[in-house]
Structure formats: structure tokens, C-alpha cells
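A.B. asks: Structure file query-v9.tsv, TSV, C-alpha atoms and all ligand atoms, is pasted below:
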chain	number	residue	atom	x	y	z
A	662	MET	CA	21.92	-6.48	19.41
A	663	GLY	CA	21.50	-10.24	19.76
A	664	THR	CA	19.12	-12.51	17.94
A	665	ASN	CA	15.64	-11.08	17.58
A	666	ARG	CA	12.97	-13.06	19.39
A	667	ILE	CA	9.58	-13.36	17.77
A	668	LEU	CA	6.32	-14.68	19.21
A	669	LEU	CA	4.07	-16.15	16.54
A	670	VAL	CA	0.40	-16.67	17.33
A	671	GLU	CA	-1.42	-18.56	14.58
A	672	ASP	CA	-3.95	-21.37	14.85
A	673	GLU	CA	-3.63	-22.65	11.27
A	674	GLU	CA	-0.90	-25.19	11.47
A	675	ASP	CA	0.27	-24.95	7.84
A	676	ILE	CA	0.67	-21.20	7.99
A	677	ARG	CA	2.28	-21.34	11.42
A	678	SER	CA	4.92	-23.86	10.39
A	679	LEU	CA	5.60	-22.02	7.13
A	680	ILE	CA	6.18	-18.71	8.90
A	681	LYS	CA	8.18	-20.32	11.66
A	682	SER	CA	10.49	-22.27	9.36
A	683	GLN	CA	11.15	-19.21	7.19
A	684	LEU	CA	11.97	-17.01	10.16
A	685	LEU	CA	14.24	-19.67	11.64
A	686	VAL	CA	16.11	-19.86	8.34
A	687	LYS	CA	16.58	-16.08	8.50
A	688	GLY	CA	18.16	-16.42	11.92
A	689	PHE	CA	15.32	-15.37	14.20
A	690	GLU	CA	14.42	-17.10	17.41
A	691	VAL	CA	10.75	-18.05	17.18
A	692	SER	CA	8.27	-19.16	19.84
A	693	ASP	CA	4.93	-20.23	18.47
A	694	VAL	CA	1.53	-20.89	19.98
A	695	ASP	CA	-1.78	-21.81	18.37
A	696	ASN	CA	-4.14	-19.88	20.64
A	697	GLY	CA	-4.55	-16.56	22.41
A	698	GLU	CA	-4.63	-17.91	25.96
A	699	ASP	CA	-1.18	-19.47	25.61
A	700	ALA	CA	0.06	-16.28	23.93
A	701	LEU	CA	-1.02	-14.08	26.86
A	702	GLU	CA	0.46	-16.54	29.32
A	703	LEU	CA	3.79	-16.58	27.49
A	704	ILE	CA	3.90	-12.80	27.07
A	705	GLN	CA	3.56	-12.39	30.83
A	706	SER	CA	5.77	-15.24	31.99
A	707	THR	CA	8.72	-14.90	29.61
A	708	LYS	CA	11.96	-13.83	31.27
A	709	GLN	CA	13.39	-12.48	28.04
A	710	PRO	CA	10.98	-10.09	26.30
A	711	PHE	CA	10.03	-10.63	22.67
A	712	ASP	CA	11.20	-8.14	20.04
A	713	LEU	CA	8.18	-8.56	17.81
A	714	TYR	CA	4.79	-10.24	17.74
A	715	ILE	CA	3.12	-11.79	14.72
A	716	VAL	CA	-0.53	-12.20	15.61
A	717	ASP	CA	-3.30	-13.84	13.63
A	718	TRP	CA	-6.63	-12.09	14.08
A	719	MET	CA	-9.04	-15.01	13.97
A	720	LEU	CA	-8.16	-17.35	16.80
A	721	PRO	CA	-10.35	-19.64	18.86
A	722	GLY	CA	-11.04	-18.00	22.26
A	723	VAL	CA	-8.96	-14.88	22.86
A	724	THR	CA	-8.74	-13.07	19.50
A	725	GLY	CA	-5.77	-11.36	17.88
A	726	ILE	CA	-7.42	-8.00	18.60
A	727	GLU	CA	-7.57	-8.78	22.31
A	728	ILE	CA	-3.93	-9.86	22.23
A	729	CYS	CA	-2.96	-6.56	20.57
A	730	LYS	CA	-4.84	-4.59	23.21
A	731	PHE	CA	-3.18	-6.58	25.97
A	732	ILE	CA	0.31	-6.07	24.54
A	733	ARG	CA	-0.31	-2.32	24.33
A	734	MET	CA	-1.58	-2.12	27.92
A	735	TYR	CA	1.10	-4.24	29.52
A	736	ARG	CA	4.01	-2.09	30.73
A	737	THR	CA	6.90	-4.19	29.47
A	738	THR	CA	5.47	-4.85	26.02
A	739	LYS	CA	3.63	-1.67	25.12
A	740	SER	CA	6.17	-0.45	22.57
A	741	THR	CA	7.02	-3.82	21.01
A	742	PRO	CA	5.98	-3.98	17.33
A	743	ILE	CA	3.00	-6.10	16.33
A	744	LEU	CA	2.40	-7.42	12.82
A	745	MET	CA	-1.18	-8.56	12.44
A	746	VAL	CA	-1.97	-11.28	9.97
A	747	THR	CA	-5.56	-11.51	8.90
A	748	ALA	CA	-7.91	-13.20	6.49
A	749	LEU	CA	-10.26	-10.23	6.99
A	750	THR	CA	-9.52	-7.78	4.22
A	751	ARG	CA	-12.21	-5.11	4.62
A	752	PRO	CA	-10.88	-1.65	5.50
A	753	GLU	CA	-13.01	-1.52	8.67
A	754	ASN	CA	-11.43	-4.75	9.91
A	755	ILE	CA	-7.95	-3.43	9.26
A	756	VAL	CA	-8.81	-0.17	11.00
A	757	GLU	CA	-9.97	-2.14	14.04
A	758	GLY	CA	-6.65	-3.99	14.15
A	759	LEU	CA	-4.58	-0.83	13.82
A	760	ASP	CA	-6.68	0.97	16.42
A	761	ALA	CA	-6.17	-1.99	18.77
A	762	GLY	CA	-2.43	-1.37	18.54
A	763	ALA	CA	-1.08	-3.38	15.61
A	764	ASP	CA	1.78	-1.58	13.84
A	765	ASP	CA	1.27	-3.19	10.49
A	766	TYR	CA	-0.94	-5.79	8.85
A	767	LEU	CA	-0.74	-8.43	6.20
A	768	THR	CA	-3.78	-9.97	4.57
A	769	LYS	CA	-3.93	-13.68	3.78
A	770	PRO	CA	-2.82	-15.19	1.54
A	771	PHE	CA	0.55	-13.45	1.62
A	772	ASP	CA	3.95	-13.98	0.11
A	773	ILE	CA	6.40	-15.16	2.76
A	774	ASN	CA	9.02	-12.73	1.41
A	775	VAL	CA	6.63	-9.85	2.00
A	776	LEU	CA	6.13	-11.04	5.55
A	777	TYR	CA	9.88	-11.17	6.04
A	778	ALA	CA	10.28	-7.65	4.62
A	779	ARG	CA	7.60	-6.31	6.99
A	780	VAL	CA	9.19	-8.03	9.97
A	781	LYS	CA	12.55	-6.49	9.13
A	782	ALA	CA	11.04	-3.03	8.63
A	783	LEU	CA	9.24	-3.17	11.98
A	784	LEU	CA	12.37	-4.29	13.82
A	785	ARG	CA	14.46	-1.60	12.15
A	786	ARG	CA	11.96	1.05	13.12
A	787	SER	CA	11.75	-0.07	16.72
A	788	GLU	CA	15.54	-0.17	17.03
A	789	ARG	CA	15.73	3.36	15.63
A	790	VAL	CA	13.05	4.62	17.99
A	791	GLY	CA	14.93	3.01	20.89
A	792	SER	CA	18.22	4.69	19.99
A	793	LYS	CA	16.60	8.09	19.38
A	794	SER	CA	15.39	8.28	22.96
A	795	GLU	CA	19.03	8.06	24.09
A	796	ASN	CA	19.97	10.92	21.81
A	797	PRO	CA	17.40	13.71	22.15
A	798	ASN	CA	19.20	15.95	19.64
A	799	ALA	CA	18.46	13.53	16.82
A	800	LYS	CA	14.79	14.37	17.20
A	801	ASN	CA	14.83	18.11	16.57
A	802	ILE	CA	14.92	18.19	12.79
A	803	LYS	CA	12.54	16.02	10.80
A	804	LYS	CA	12.59	15.71	7.07
A	805	ILE	CA	10.07	14.87	4.39
A	806	GLY	CA	11.02	15.31	0.75
A	807	SER	CA	12.53	18.77	0.38
A	808	PHE	CA	10.92	20.00	3.60
A	809	SER	CA	12.50	20.15	7.02
A	810	ILE	CA	10.69	20.66	10.28
A	811	ASP	CA	12.38	22.10	13.32
A	812	THR	CA	10.46	20.73	16.29
A	813	ASP	CA	12.09	23.18	18.69
A	814	THR	CA	10.75	26.22	16.89
A	815	CYS	CA	7.85	24.52	15.04
A	816	LYS	CA	9.10	26.14	11.83
A	817	ILE	CA	8.84	24.37	8.50
A	818	LYS	CA	11.16	25.12	5.61
A	819	GLY	CA	10.41	24.14	2.04
A	820	PRO	CA	12.44	24.49	-1.14
A	821	ASP	CA	11.39	28.16	-1.41
A	822	GLY	CA	11.80	29.12	2.22
A	823	GLU	CA	9.60	29.04	5.27
A	824	VAL	CA	6.02	27.80	4.90
A	825	SER	CA	3.38	28.41	7.52
A	826	PHE	CA	1.23	25.48	8.61
A	827	THR	CA	-1.75	25.48	10.93
A	828	LEU	CA	-1.24	23.75	14.28
A	829	SER	CA	-3.32	20.76	13.17
A	830	GLU	CA	-1.43	20.43	9.90
A	831	TYR	CA	1.83	20.63	11.80
A	832	LYS	CA	0.77	17.96	14.32
A	833	LEU	CA	-0.44	15.62	11.58
A	834	LEU	CA	2.73	16.05	9.56
A	835	VAL	CA	4.99	15.35	12.54
A	836	ALA	CA	2.92	12.32	13.58
A	837	LEU	CA	3.06	10.89	10.06
A	838	ILE	CA	6.80	11.44	9.74
A	839	ASP	CA	7.40	9.90	13.17
A	840	SER	CA	5.42	6.83	12.16
A	841	GLU	CA	7.95	6.18	9.38
A	842	GLY	CA	5.61	4.55	6.91
A	843	LYS	CA	3.25	2.99	9.40
A	844	VAL	CA	-0.40	3.61	8.55
A	845	LEU	CA	-2.19	5.89	10.98
A	846	THR	CA	-5.95	5.44	11.10
A	847	ARG	CA	-8.29	8.43	11.06
A	848	LYS	CA	-9.15	7.66	14.69
A	849	GLN	CA	-5.49	7.85	15.68
A	850	LEU	CA	-5.09	11.09	13.74
A	851	ILE	CA	-8.18	12.53	15.43
A	852	GLU	CA	-6.60	11.82	18.82
A	853	ILE	CA	-3.45	13.63	17.71
A	854	ILE	CA	-5.20	16.87	16.79
A	855	GLN	CA	-8.10	16.74	19.27
A	856	ASP	CA	-7.62	19.72	21.55
A	857	GLY	CA	-10.31	21.43	23.55
A	858	PRO	CA	-14.07	21.02	23.27
A	859	VAL	CA	-14.42	21.03	19.47
A	860	HIS	CA	-15.20	17.51	18.34
A	861	VAL	CA	-12.76	16.48	15.61
A	862	THR	CA	-14.25	14.20	12.97
A	863	ALA	CA	-12.69	12.02	10.29
A	864	ARG	CA	-13.85	14.60	7.78
A	865	ILE	CA	-11.85	17.30	9.56
A	866	VAL	CA	-8.76	15.10	9.44
A	867	ASP	CA	-9.21	14.69	5.69
A	868	THR	CA	-9.57	18.45	5.29
A	869	HIS	CA	-6.35	19.11	7.20
A	870	ILE	CA	-4.52	16.49	5.14
A	871	PHE	CA	-5.79	18.23	2.02
A	872	GLY	CA	-4.40	21.54	3.30
A	873	LEU	CA	-1.15	19.89	4.27
A	874	ARG	CA	-0.68	18.35	0.86
A	875	LYS	CA	-1.30	21.68	-0.85
A	876	LYS	CA	1.51	23.25	1.14
A	877	LEU	CA	3.85	20.36	0.42
A	878	GLY	CA	3.51	21.00	-3.32
A	879	GLU	CA	5.44	18.39	-5.25
A	880	ASP	CA	6.12	16.47	-2.06
A	881	ALA	CA	2.37	15.99	-1.49
A	882	LYS	CA	2.73	12.58	-3.06
A	883	LEU	CA	4.73	11.50	-0.02
A	884	ILE	CA	1.54	11.54	2.05
A	885	GLU	CA	-0.24	8.44	0.86
A	886	THR	CA	-3.94	7.75	1.31
A	887	ILE	CA	-4.75	4.21	2.37
A	888	ARG	CA	-8.30	3.91	1.16
A	889	GLY	CA	-10.87	3.48	3.91
A	890	ILE	CA	-8.16	3.26	6.56
A	891	GLY	CA	-6.03	6.37	6.92
A	892	TYR	CA	-2.72	7.86	5.85
A	893	ARG	CA	0.96	7.07	5.86
A	894	VAL	CA	4.18	8.65	4.78
A	895	CYS	CA	5.65	6.95	1.77
A	896	THR	CA	9.09	5.86	2.94
A	897	ASP	CA	10.46	4.49	-0.29
A	898	TYR	CA	11.44	7.78	-1.85
A	901	CA	CA	-6.81	-18.07	12.28
How would this structure read if it were set down as C-alpha cells?

C.D. replies:
Amino acid sequence: MGTNRILLVEDEEDIRSLIKSQLLVKGFEVSDVDNGEDALELIQSTKQPFDLYIVDWMLPGVTGIEICKFIRMYRTTKSTPILMVTALTRPENIVEGLDAGADDYLTKPFDINVLYARVKALLRRSERVGSKSENPNAKNIKKIGSFSIDTDTCKIKGPDGEVSFTLSEYKLLVALIDSEGKVLTRKQLIEIIQDGPVHVTARIVDTHIFGLRKKLGEDAKLIETIRGIGYRVCTDY
């Protein structure tokens, strides 16, 4: 693994130079642009792909949301992590960013050390995901707290033996574990359990999460509610 390359898209000069200088100090290679048009151009023309994008939401012209959507659609960049930086702090704004494809978000003003920690976490996760695909056996057993899930047999074992989960609970649990602490919005969770003609609503997702938590007992606390946005697995246990 060589030096990680980061593309930073931020129109506020002070914030851009602060982020850039901090990341340079930490040994990253940073390209920075102050608008979305240049970002899209660079994403497409670069010979060496970026390892991570830091994208400000509010930009003149092409917005951060449009950049996220583009990155997710474009073949060579669709699995590259995106950290969205935004002055918009309402849950519905954050949901829009996550649904557009951002992996994580940071609301302004933020502590530069928190930004650095998020960048590192996203890079670690994407490196792990990359190496897992080379080793399919590493995927078969997933763990959360004292529970282990065998994805070959779809059986879940808790501290007192096997526990039966509904298919939706099982799918939600696996998706949350696979996201490794990334917040999944209700819309994303709906897509995961949507199957057949019955229209899944956000309310149904919440009900399944409720059922899931009950079965997890003491480990229920590992499924964290992000108010107004969705759910994530707490990874710092
Ligand atoms: Ca801005």
C-alpha cells in the first residue's frame, strides 16, 4: 500500500487549506479543487485513482450531492469512500447526503482531529473490504458482541445457543455488521429488505430493528439509533 491519495473539494479557502495542510502533515497526497466542475473533471481524467474523497456539500455550480452521485455511478470510483463535509446539520440533509452515496459525514465546524480520525477509519474499512474479496472464506462468519452469524447456513448463535431471526431481521443485521459502523439510512435499509410486492416503509424498518434488538439481548446496545437518520453498528466495543 503506497501513499493514500485524497481529493478535497471545498470552496471555502480557509477550510480547504486547513484540511489540506493537516492531511499533508499526516503523509497523505492531497489534490484540492474549489468547485464541483473541476472535481468531476479531475475524477475522470486522473491516471491514478483517488483512495478517498472529501466533498463539501454547498459548492457553487455542481453540488457535493451531485459529485457523490457521480462518484457512485462511475465504474472506477463507485466503491471509493466519500466523506461529506457540510454546514447543513438537519437530519434530512444528512440523509440526503448518505442516500447520494456518502459513506460518512462531518458537520461544520469540526475538529481537524475528528476529520483525520474519520479519514483513517474510512480508508481502513475500504482496505479491509478490498482484501476480503480476495479471501471469500473470511466472509462466512460475522460477529457482533457475543453473537456469531454463519452466512452459509444463515444460522445465528448467541451466548445461550441458536436464536431464530426473521429473514428481514437477518438481512438488516448482516447489512449493519458489513457496514462496520457506517450509518445506514432508513431508505438504504428499506432497499435491503424490500422483496416482492409489499411496500416496505421506514416504520417497518424500525419495527424489525426493534425485534432484532430484543433478540440480541444485552448486545442490543450495539445497534445504535442515529436520530432522524438511521442506524449503525457501534464499532467501539
Ligand atoms: Ca461550501

A.B. asks: At most 8 Å is the cut-off: for each residue in chain A with any atom that close to an atom of ligand CA 901 (chain A), write down the nearest atom pair and the distance in Å rounded to one decimal, counting all atoms listed in the file, chain first then increasing number, as a tab-separated table.

C.D. replies:
residue	atom	partner	partner_atom	distance
A:Glu671	CA	A:CA901	CA	5.9
A:Asp672	CA	A:CA901	CA	5.1
A:Glu673	CA	A:CA901	CA	5.7
A:Asp717	CA	A:CA901	CA	5.7
A:Trp718	CA	A:CA901	CA	6.2
A:Met719	CA	A:CA901	CA	4.1
A:Leu720	CA	A:CA901	CA	4.8
A:Pro721	CA	A:CA901	CA	7.6
A:Thr747	CA	A:CA901	CA	7.5
A:Ala748	CA	A:CA901	CA	7.6

A.B. asks: Quick one: everything within 12 Å of segment 857-868 of chain A, counting all atoms listed in the file, minus sequence neighbours fewer than 3 positions away in the same chain. Send it as JSON, numbers by chain.

C.D. replies: {"A": [827, 829, 830, 832, 833, 834, 845, 846, 847, 848, 849, 850, 851, 852, 853, 854, 871, 872, 873, 874, 875, 884, 885, 886, 887, 888, 889, 890, 891, 892]}

A.B. asks: Skip Ile676 of chain A itself and residues of its chain fewer than 5 positions away, then list as a PDB file with C-alpha atoms, in the coordinates of the input all residues within 10 Å of it, counting all atoms listed in the file.

C.D. replies:
ATOM      1  CA  GLU A 671      -1.420 -18.560  14.580  1.00  0.00           C
ATOM      2  CA  LYS A 681       8.180 -20.320  11.660  1.00  0.00           C
ATOM      3  CA  SER A 682      10.490 -22.270   9.360  1.00  0.00           C
ATOM      4  CA  LYS A 769      -3.930 -13.680   3.780  1.00  0.00           C
ATOM      5  CA  PRO A 770      -2.820 -15.190   1.540  1.00  0.00           C
ATOM      6  CA  ILE A 773       6.400 -15.160   2.760  1.00  0.00           C
TER       7      ILE A 773
END

A.B. asks: Could you state the separation of atom CA of Thr896 of chain A and atom CA of Leu883 of chain A in Å, given to one decimal place?

C.D. replies: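 Going from atom CA of Thr896 of chain A over to atom CA of Leu883 of chain A, I get 7.7 Å.
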
A.B. asks: Considering only C-alpha atoms, state which residue in the set A:Phe826, A:Lys818, A:Ser787, A:Val716 is at the smallest distance from Tyr766 of chain A.

C.D. replies: A:Val716

A.B. asks: Which value, in Å to one decimal, gives the distance between atom CA of Tyr777 of chain A and atom CA of Ile755 of chain A?

C.D. replies: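 Those two atoms sit 19.7 Å apart.
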
A.B. asks: Of the candidates A:Ile732, A:Thr724, A:Pro710, A:Ile838, which one gets nearest to Thr812 of chain A if we count all atoms listed in the file?

C.D. replies: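 Looking at the shortest contact to Thr812 of chain A, the residue is A:Ile838.
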
A.B. asks: Rounded to one decimal in Å, what is the spacing between atom CA of Ser678 of chain A and atom CA of Val694 of chain A?

C.D. replies: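 Interatomic distance here is 10.6 Å.
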
A.B. asks: Taking into account all atoms listed in the file, which residue in the set A:Gly762, A:Pro742, A:Gly842, A:Pro752 is nearest to Glu727 of chain A?

C.D. replies: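 Distance minimum relative to Glu727 of chain A lands on A:Gly762.
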
A.B. asks: Please determine, counting all atoms listed in the file, which residue among A:Ile817, A:Arg733, A:Glu841, A:Thr750 has the shortest atom-to-atom distance to Ala782 of chain A.

C.D. replies: A:Glu841

A.B. asks: Between A:Val670, A:Lys816, A:Gln705, A:Ala763, which is the closest to Arg736 of chain A once you count all atoms listed in the file?

C.D. replies: A:Gln705

A.B. asks: With all atoms listed in the file as the counted atoms, please give the residues lying no more than 12 Å from segment 800-808 of chain A, apart from itself and same-chain residues fewer than 4 positions off, as number ranges by chain.

C.D. replies: A: 789-796, 812-825, 831, 834-842, 874, 876-884, 894-898

A.B. asks: Box along x, y and z, 5 Å on every side, all listed atoms of segment 667-674 of chain A inside: centre and edge lengths in Å to one decimal, as AutoDock Vina command-line options.

C.D. replies:
--center_x 2.8 --center_y -19.3 --center_z 15.2 --size_x 23.5 --size_y 21.8 --size_z 17.9

A.B. asks: Using only C-alpha atoms, which residue out of A:Val686, A:Leu669, A:Ile726, A:Val746 lies closest to Ala700 of chain A?

C.D. replies: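 Among the listed residues, A:Leu669 lies closest to Ala700 of chain A.
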
A.B. asks: Mind filling out segment 702-721 of chain A with N, CA and C atoms and sending it as an mmCIF file, in the coordinates of the input?

C.D. replies:
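And here's result_27.cif as it stands now:
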data_model
loop_
_atom_site.group_PDB
_atom_site.id
_atom_site.type_symbol
_atom_site.label_atom_id
_atom_site.label_comp_id
_atom_site.auth_asym_id
_atom_site.auth_seq_id
_atom_site.Cartn_x
_atom_site.Cartn_y
_atom_site.Cartn_z
ATOM 1 N N GLU A 702 -0.299 -15.888 28.259
ATOM 2 C CA GLU A 702 0.460 -16.540 29.320
ATOM 3 C C GLU A 702 1.975 -16.372 29.089
ATOM 4 N N LEU A 703 2.369 -16.650 27.849
ATOM 5 C CA LEU A 703 3.790 -16.580 27.490
ATOM 6 C C LEU A 703 4.317 -15.147 27.540
ATOM 7 N N ILE A 704 3.494 -14.207 27.072
ATOM 8 C CA ILE A 704 3.900 -12.800 27.070
ATOM 9 C C ILE A 704 4.202 -12.342 28.504
ATOM 10 N N GLN A 705 3.378 -12.809 29.435
ATOM 11 C CA GLN A 705 3.560 -12.390 30.830
ATOM 12 C C GLN A 705 4.657 -13.147 31.548
ATOM 13 N N SER A 706 4.849 -14.418 31.194
ATOM 14 C CA SER A 706 5.770 -15.240 31.990
ATOM 15 C C SER A 706 7.202 -15.236 31.456
ATOM 16 N N THR A 707 7.381 -14.799 30.184
ATOM 17 C CA THR A 707 8.720 -14.900 29.610
ATOM 18 C C THR A 707 9.734 -14.027 30.348
ATOM 19 N N LYS A 708 10.908 -14.583 30.566
ATOM 20 C CA LYS A 708 11.960 -13.830 31.270
ATOM 21 C C LYS A 708 12.631 -12.857 30.313
ATOM 22 N N GLN A 709 12.724 -13.294 29.050
ATOM 23 C CA GLN A 709 13.390 -12.480 28.040
ATOM 24 C C GLN A 709 12.298 -11.934 27.127
ATOM 25 N N PRO A 710 12.099 -10.619 27.099
ATOM 26 C CA PRO A 710 10.980 -10.090 26.300
ATOM 27 C C PRO A 710 11.129 -10.358 24.799
ATOM 28 N N PHE A 711 10.009 -10.447 24.130
ATOM 29 C CA PHE A 711 10.030 -10.630 22.670
ATOM 30 C C PHE A 711 10.332 -9.285 22.008
ATOM 31 N N ASP A 712 10.895 -9.354 20.796
ATOM 32 C CA ASP A 712 11.200 -8.140 20.040
ATOM 33 C C ASP A 712 10.094 -7.790 19.070
ATOM 34 N N LEU A 713 9.246 -8.784 18.784
ATOM 35 C CA LEU A 713 8.180 -8.560 17.810
ATOM 36 C C LEU A 713 7.121 -9.645 17.977
ATOM 37 N N TYR A 714 5.875 -9.263 17.706
ATOM 38 C CA TYR A 714 4.790 -10.240 17.740
ATOM 39 C C TYR A 714 4.162 -10.349 16.359
ATOM 40 N N ILE A 715 3.901 -11.569 15.941
ATOM 41 C CA ILE A 715 3.120 -11.790 14.720
ATOM 42 C C ILE A 715 1.835 -12.450 15.199
ATOM 43 N N VAL A 716 0.726 -11.748 15.009
ATOM 44 C CA VAL A 716 -0.530 -12.200 15.610
ATOM 45 C C VAL A 716 -1.604 -12.379 14.549
ATOM 46 N N ASP A 717 -2.162 -13.571 14.498
ATOM 47 C CA ASP A 717 -3.300 -13.840 13.630
ATOM 48 C C ASP A 717 -4.547 -13.254 14.304
ATOM 49 N N TRP A 718 -5.428 -12.705 13.515
ATOM 50 C CA TRP A 718 -6.630 -12.090 14.080
ATOM 51 C C TRP A 718 -7.612 -13.142 14.573
ATOM 52 N N MET A 719 -7.984 -14.043 13.665
ATOM 53 C CA MET A 719 -9.040 -15.010 13.970
ATOM 54 C C MET A 719 -8.445 -16.209 14.694
ATOM 55 N N LEU A 720 -8.665 -16.242 15.997
ATOM 56 C CA LEU A 720 -8.160 -17.350 16.800
ATOM 57 C C LEU A 720 -9.328 -17.875 17.626
ATOM 58 N N PRO A 721 -9.305 -19.140 17.961
ATOM 59 C CA PRO A 721 -10.350 -19.640 18.860
ATOM 60 C C PRO A 721 -10.137 -19.026 20.241
#
